[in-house]
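J.: What follows is a single structure, and I will ask about it in a moment.
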Amino acid sequence: MDNTTLKGQAALVTGSDSGIGKGVALELAKAGARLVINYAHNHDAADEVVKEITDAGGEAYAHQCDVSHEGEVQAMFQEMYKRYGTIDILVNNSGLQKDSKFIDMTLDQWNTVISVNLTGQFLCAREAAREFIRRGVVEGVSKAAGKIICMSSVHEVIPWGGHVNYATSKGGIMMLMKSMAQELASHKIRVNAIGPGAIQTPINKEAWDTPEALDKLLTLIPYNRIGQPDDIGKLAAWLASDESDYITGVTIFADGGMTLYPGFADNG
Ligand code: BGC
């Protein structure tokens, strides 16, 4: 993937001030896309990402928006159309965890995770799809009228005690992604998901920040290393490119084998 692969394409990555979203934004920028760095709270971190991209000769700006608020999402897309004219690539990445034992989980913990992780993806994808359909395919830009990439997780298939709200949101993302892919394919819109395993980011810090925690985590990863944000970023850039033009409606797991039932590796 060189710096012309996504040239002339406008990309919005939600939650790209840190973690996986930042890794995705940097890789899309390297491939030539113009970026919107969306963030919920951390303005300075978003500015850093913008600076990293523009210092390398790319184009980006930061935009604050809580993806679970319809009005804020619509305003974010309007601003993007003012600045870049349109959208070609949406990466629905914003997500959070509010962990709790099931019987102690509050409605607030449930609602917050479903609103940001699932409803936020719906709201952003709906805006993007409206614009993709309005504009259609632009020759010389991409074979597709638009690409939506939903950040799911291994927990769209691996049940996760202590994280029922989160796993439910990711299972929901899988069906949101597939149903959108089915409905939008005739408009030349491709919709796919990425299912990251354990990626070294702030969301799961307690799972890797001591040698004991990391050893325990690695028992779940046959490939025996924790993932890095650019492992996901490179896959997102490929899914956004015409190299994957015949792929729609699938989740690609990037998890070092976490979904391979590692407990069965030694005869079960
Ligand atoms: C979660 C991480 C977790 C990983 C593997 C991700 O979706 O956000 O906290 O380490 O799945 O379990």
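If you're wondering about the labels, chains in the structure tokens are A, B, ... by order shown, residues count from 1 in each chain, ligands from 1 in order shown.
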Residues within 7 Å of ligand 1 should be enumerated using only C-alpha atoms and all ligand atoms and returned as a compact mmCIF listing (two decimals) with all heavy atoms, in the first residue's frame.

T.:
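That gives us result-v5.txt:
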```
# COMPACT_ATOMS: atom_id res chain seq x y z
N GLN A 97 -15.51 0.42 27.42
CA GLN A 97 -15.94 -0.65 28.31
C GLN A 97 -16.39 -0.05 29.64
O GLN A 97 -15.79 0.90 30.12
CB GLN A 97 -14.77 -1.60 28.60
CG GLN A 97 -14.33 -2.40 27.40
CD GLN A 97 -13.18 -3.38 27.73
OE1 GLN A 97 -12.37 -3.67 26.87
NE2 GLN A 97 -13.13 -3.88 28.96
N SER A 153 -14.89 -6.90 17.49
CA SER A 153 -13.97 -7.46 18.48
C SER A 153 -14.06 -8.97 18.35
O SER A 153 -15.05 -9.50 17.82
CB SER A 153 -14.42 -7.05 19.88
OG SER A 153 -13.81 -7.86 20.87
N VAL A 154 -13.06 -9.67 18.91
CA VAL A 154 -13.23 -11.13 19.05
C VAL A 154 -14.50 -11.42 19.85
O VAL A 154 -15.08 -12.50 19.72
CB VAL A 154 -12.01 -11.77 19.76
CG1 VAL A 154 -10.79 -11.76 18.86
CG2 VAL A 154 -11.72 -11.13 21.12
N HIS A 155 -14.93 -10.44 20.66
CA HIS A 155 -16.11 -10.67 21.48
C HIS A 155 -17.42 -10.51 20.72
O HIS A 155 -18.48 -10.48 21.33
CB HIS A 155 -16.05 -9.78 22.73
CG HIS A 155 -14.87 -10.13 23.58
ND1 HIS A 155 -14.74 -11.37 24.17
CD2 HIS A 155 -13.72 -9.46 23.85
CE1 HIS A 155 -13.56 -11.42 24.80
NE2 HIS A 155 -12.93 -10.28 24.61
N PRO A 196 -10.67 -7.18 16.26
CA PRO A 196 -9.36 -7.24 16.92
C PRO A 196 -9.41 -8.16 18.15
O PRO A 196 -10.43 -8.27 18.82
CB PRO A 196 -9.10 -5.79 17.37
CG PRO A 196 -10.10 -4.95 16.65
CD PRO A 196 -11.28 -5.84 16.41
N GLY A 197 -8.28 -8.80 18.43
CA GLY A 197 -8.12 -9.51 19.70
C GLY A 197 -7.57 -8.52 20.72
O GLY A 197 -8.04 -7.38 20.80
N ALA A 198 -6.58 -8.98 21.47
CA ALA A 198 -5.98 -8.09 22.48
C ALA A 198 -4.94 -7.21 21.81
O ALA A 198 -3.88 -7.69 21.38
CB ALA A 198 -5.36 -8.92 23.60
N ILE A 199 -5.24 -5.95 21.70
CA ILE A 199 -4.34 -4.97 21.10
C ILE A 199 -3.84 -4.08 22.23
O ILE A 199 -4.64 -3.68 23.10
CB ILE A 199 -5.08 -4.13 20.02
CG1 ILE A 199 -5.82 -5.03 19.01
CG2 ILE A 199 -4.10 -3.18 19.31
CD1 ILE A 199 -4.96 -5.97 18.21
N ILE A 203 -7.43 0.75 26.58
CA ILE A 203 -8.70 0.11 27.00
C ILE A 203 -8.45 -1.16 27.82
O ILE A 203 -9.25 -1.52 28.67
CB ILE A 203 -9.62 -0.18 25.77
CG1 ILE A 203 -11.10 -0.26 26.20
CG2 ILE A 203 -9.23 -1.46 25.07
CD1 ILE A 203 -12.11 -0.37 25.04
N ASN A 204 -7.34 -1.85 27.55
CA ASN A 204 -7.09 -3.12 28.24
C ASN A 204 -5.75 -3.11 29.00
O ASN A 204 -5.13 -4.15 29.18
CB ASN A 204 -7.13 -4.29 27.25
CG ASN A 204 -6.13 -4.10 26.11
OD1 ASN A 204 -5.38 -3.12 26.10
ND2 ASN A 204 -6.12 -5.01 25.18
N ALA A 207 -4.53 -5.68 31.38
CA ALA A 207 -4.27 -7.03 30.85
C ALA A 207 -2.83 -7.18 30.33
O ALA A 207 -2.42 -8.29 29.98
CB ALA A 207 -5.26 -7.36 29.74
```

J.: Can you pull out every residue from range 17-229 of chain A that DSSP, working from the backbone, puts in helix (DSSP H, G or I), and format the result as a ChimeraX atom specification?

T.: /A:19-30,43-55,70-84,102-104,107-135,154-156,164-187,202-207,211-218,229

J.: Take the residues from that selection and put them in a file with C-alpha atoms, as a short mmCIF file (atom, residue, chain, number, x, y, z; two decimals), in the first residue's frame.

T.:
```cif
data_model
loop_
_atom_site.label_atom_id
_atom_site.label_comp_id
_atom_site.auth_asym_id
_atom_site.auth_seq_id
_atom_site.Cartn_x
_atom_site.Cartn_y
_atom_site.Cartn_z
CA GLY A 19 -5.62 3.35 20.65
CA ILE A 20 -6.82 1.38 17.63
CA GLY A 21 -8.53 4.42 16.10
CA LYS A 22 -5.28 6.36 16.10
CA GLY A 23 -3.47 3.40 14.52
CA VAL A 24 -6.14 3.26 11.80
CA ALA A 25 -6.04 7.01 11.13
CA LEU A 26 -2.25 6.98 10.75
CA GLU A 27 -2.34 4.08 8.26
CA LEU A 28 -5.16 5.63 6.18
CA ALA A 29 -3.19 8.89 6.08
CA LYS A 30 -0.06 6.98 4.97
CA HIS A 43 -8.61 17.54 22.49
CA ASP A 44 -4.82 17.57 23.00
CA ALA A 45 -4.45 13.92 22.03
CA ALA A 46 -6.51 14.50 18.86
CA ASP A 47 -4.34 17.51 17.99
CA GLU A 48 -1.23 15.32 18.38
CA VAL A 49 -2.61 12.85 15.85
CA VAL A 50 -3.43 15.70 13.45
CA LYS A 51 0.12 17.02 13.88
CA GLU A 52 1.68 13.61 13.25
CA ILE A 53 -0.28 13.36 9.99
CA THR A 54 0.33 16.91 8.77
CA ASP A 55 4.04 16.78 9.73
CA GLU A 70 -27.60 12.26 16.72
CA GLY A 71 -27.29 16.05 16.38
CA GLU A 72 -23.56 16.04 17.09
CA VAL A 73 -22.99 13.27 14.55
CA GLN A 74 -24.93 15.14 11.88
CA ALA A 75 -22.99 18.34 12.60
CA MET A 76 -19.70 16.41 12.31
CA PHE A 77 -20.66 15.12 8.85
CA GLN A 78 -21.79 18.59 7.71
CA GLU A 79 -18.43 20.04 8.78
CA MET A 80 -16.65 17.27 6.89
CA TYR A 81 -18.61 18.06 3.70
CA LYS A 82 -17.70 21.74 4.08
CA ARG A 83 -14.01 20.93 4.41
CA TYR A 84 -13.57 17.90 2.15
CA PHE A 102 -23.58 -9.23 35.55
CA ILE A 103 -25.71 -9.12 38.68
CA ASP A 104 -24.14 -5.81 39.74
CA LEU A 107 -28.56 0.33 33.75
CA ASP A 108 -26.23 3.26 33.27
CA GLN A 109 -23.25 0.95 32.56
CA TRP A 110 -25.41 -1.01 30.13
CA ASN A 111 -26.82 2.05 28.34
CA THR A 112 -23.49 3.86 28.05
CA VAL A 113 -21.79 0.92 26.32
CA ILE A 114 -24.71 0.17 23.98
CA SER A 115 -25.12 3.88 23.11
CA VAL A 116 -21.50 4.53 22.19
CA ASN A 117 -20.46 1.14 20.79
CA LEU A 118 -23.62 0.20 18.89
CA THR A 119 -25.94 3.20 18.47
CA GLY A 120 -22.92 5.36 17.64
CA GLN A 121 -22.04 3.02 14.76
CA PHE A 122 -25.63 3.15 13.49
CA LEU A 123 -25.76 6.96 13.55
CA CYS A 124 -22.43 7.43 11.76
CA ALA A 125 -23.06 4.67 9.20
CA ARG A 126 -26.48 6.12 8.35
CA GLU A 127 -25.01 9.54 7.62
CA ALA A 128 -22.20 8.05 5.54
CA ALA A 129 -24.55 5.80 3.56
CA ARG A 130 -26.83 8.76 2.74
CA GLU A 131 -23.88 10.64 1.26
CA PHE A 132 -22.50 7.59 -0.59
CA ILE A 133 -25.90 7.06 -2.24
CA ARG A 134 -26.34 10.76 -3.04
CA ARG A 135 -22.92 10.96 -4.68
CA VAL A 154 -13.23 -11.13 19.05
CA HIS A 155 -16.11 -10.67 21.48
CA GLU A 156 -18.61 -10.67 18.65
CA VAL A 164 -21.90 -8.61 29.13
CA ASN A 165 -22.72 -5.08 27.94
CA TYR A 166 -19.56 -4.93 25.82
CA ALA A 167 -19.93 -8.41 24.28
CA THR A 168 -23.59 -7.65 23.50
CA SER A 169 -22.59 -4.44 21.73
CA LYS A 170 -20.05 -6.32 19.61
CA GLY A 171 -22.49 -9.11 18.74
CA GLY A 172 -24.89 -6.36 17.69
CA ILE A 173 -22.25 -4.71 15.53
CA MET A 174 -21.84 -7.97 13.63
CA MET A 175 -25.52 -8.04 12.62
CA LEU A 176 -25.62 -4.29 12.01
CA MET A 177 -22.64 -4.68 9.67
CA LYS A 178 -24.04 -7.71 7.80
CA SER A 179 -27.54 -6.27 7.41
CA MET A 180 -26.17 -2.96 6.16
CA ALA A 181 -23.84 -4.80 3.78
CA GLN A 182 -26.77 -6.75 2.35
CA GLU A 183 -29.02 -3.70 1.98
CA LEU A 184 -26.39 -1.32 0.61
CA ALA A 185 -24.45 -3.58 -1.77
CA SER A 186 -26.60 -2.63 -4.78
CA HIS A 187 -25.51 0.99 -4.21
CA PRO A 202 -5.35 2.02 27.05
CA ILE A 203 -8.70 0.11 27.00
CA ASN A 204 -7.09 -3.12 28.24
CA LYS A 205 -4.05 -1.74 30.09
CA GLU A 206 -4.52 -3.96 33.13
CA ALA A 207 -4.27 -7.03 30.85
CA PRO A 211 4.63 -9.31 33.32
CA GLU A 212 2.18 -11.59 35.20
CA ALA A 213 -0.86 -10.08 33.46
CA LEU A 214 0.84 -10.31 30.06
CA ASP A 215 1.80 -13.99 30.64
CA LYS A 216 -1.81 -14.79 31.50
CA LEU A 217 -3.05 -12.90 28.43
CA LEU A 218 -0.62 -14.75 26.16
CA PRO A 229 -2.59 -0.64 16.66
#
```

J.: Identify all residues of range 75-139 of chain A in strand (DSSP E) (DSSP on the backbone) and supply them as a PyMOL selection string.

T.: chain A and resi 89-92

J.: Do you have the CA of Asp17 in chain A-CA of Gly227 in chain A distance handy?

T.: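 Straight-line distance from CA of Asp17 in chain A to CA of Gly227 in chain A works out to 18.3 Å.
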
J.: Considering only C-alpha atoms, state which residue in the set A:Val250, A:Leu220, A:Val13, A:Ala237 is at the smallest distance from Leu90 in chain A.

T.: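 Selected residue with least distance to Leu90 in chain A: A:Val13.
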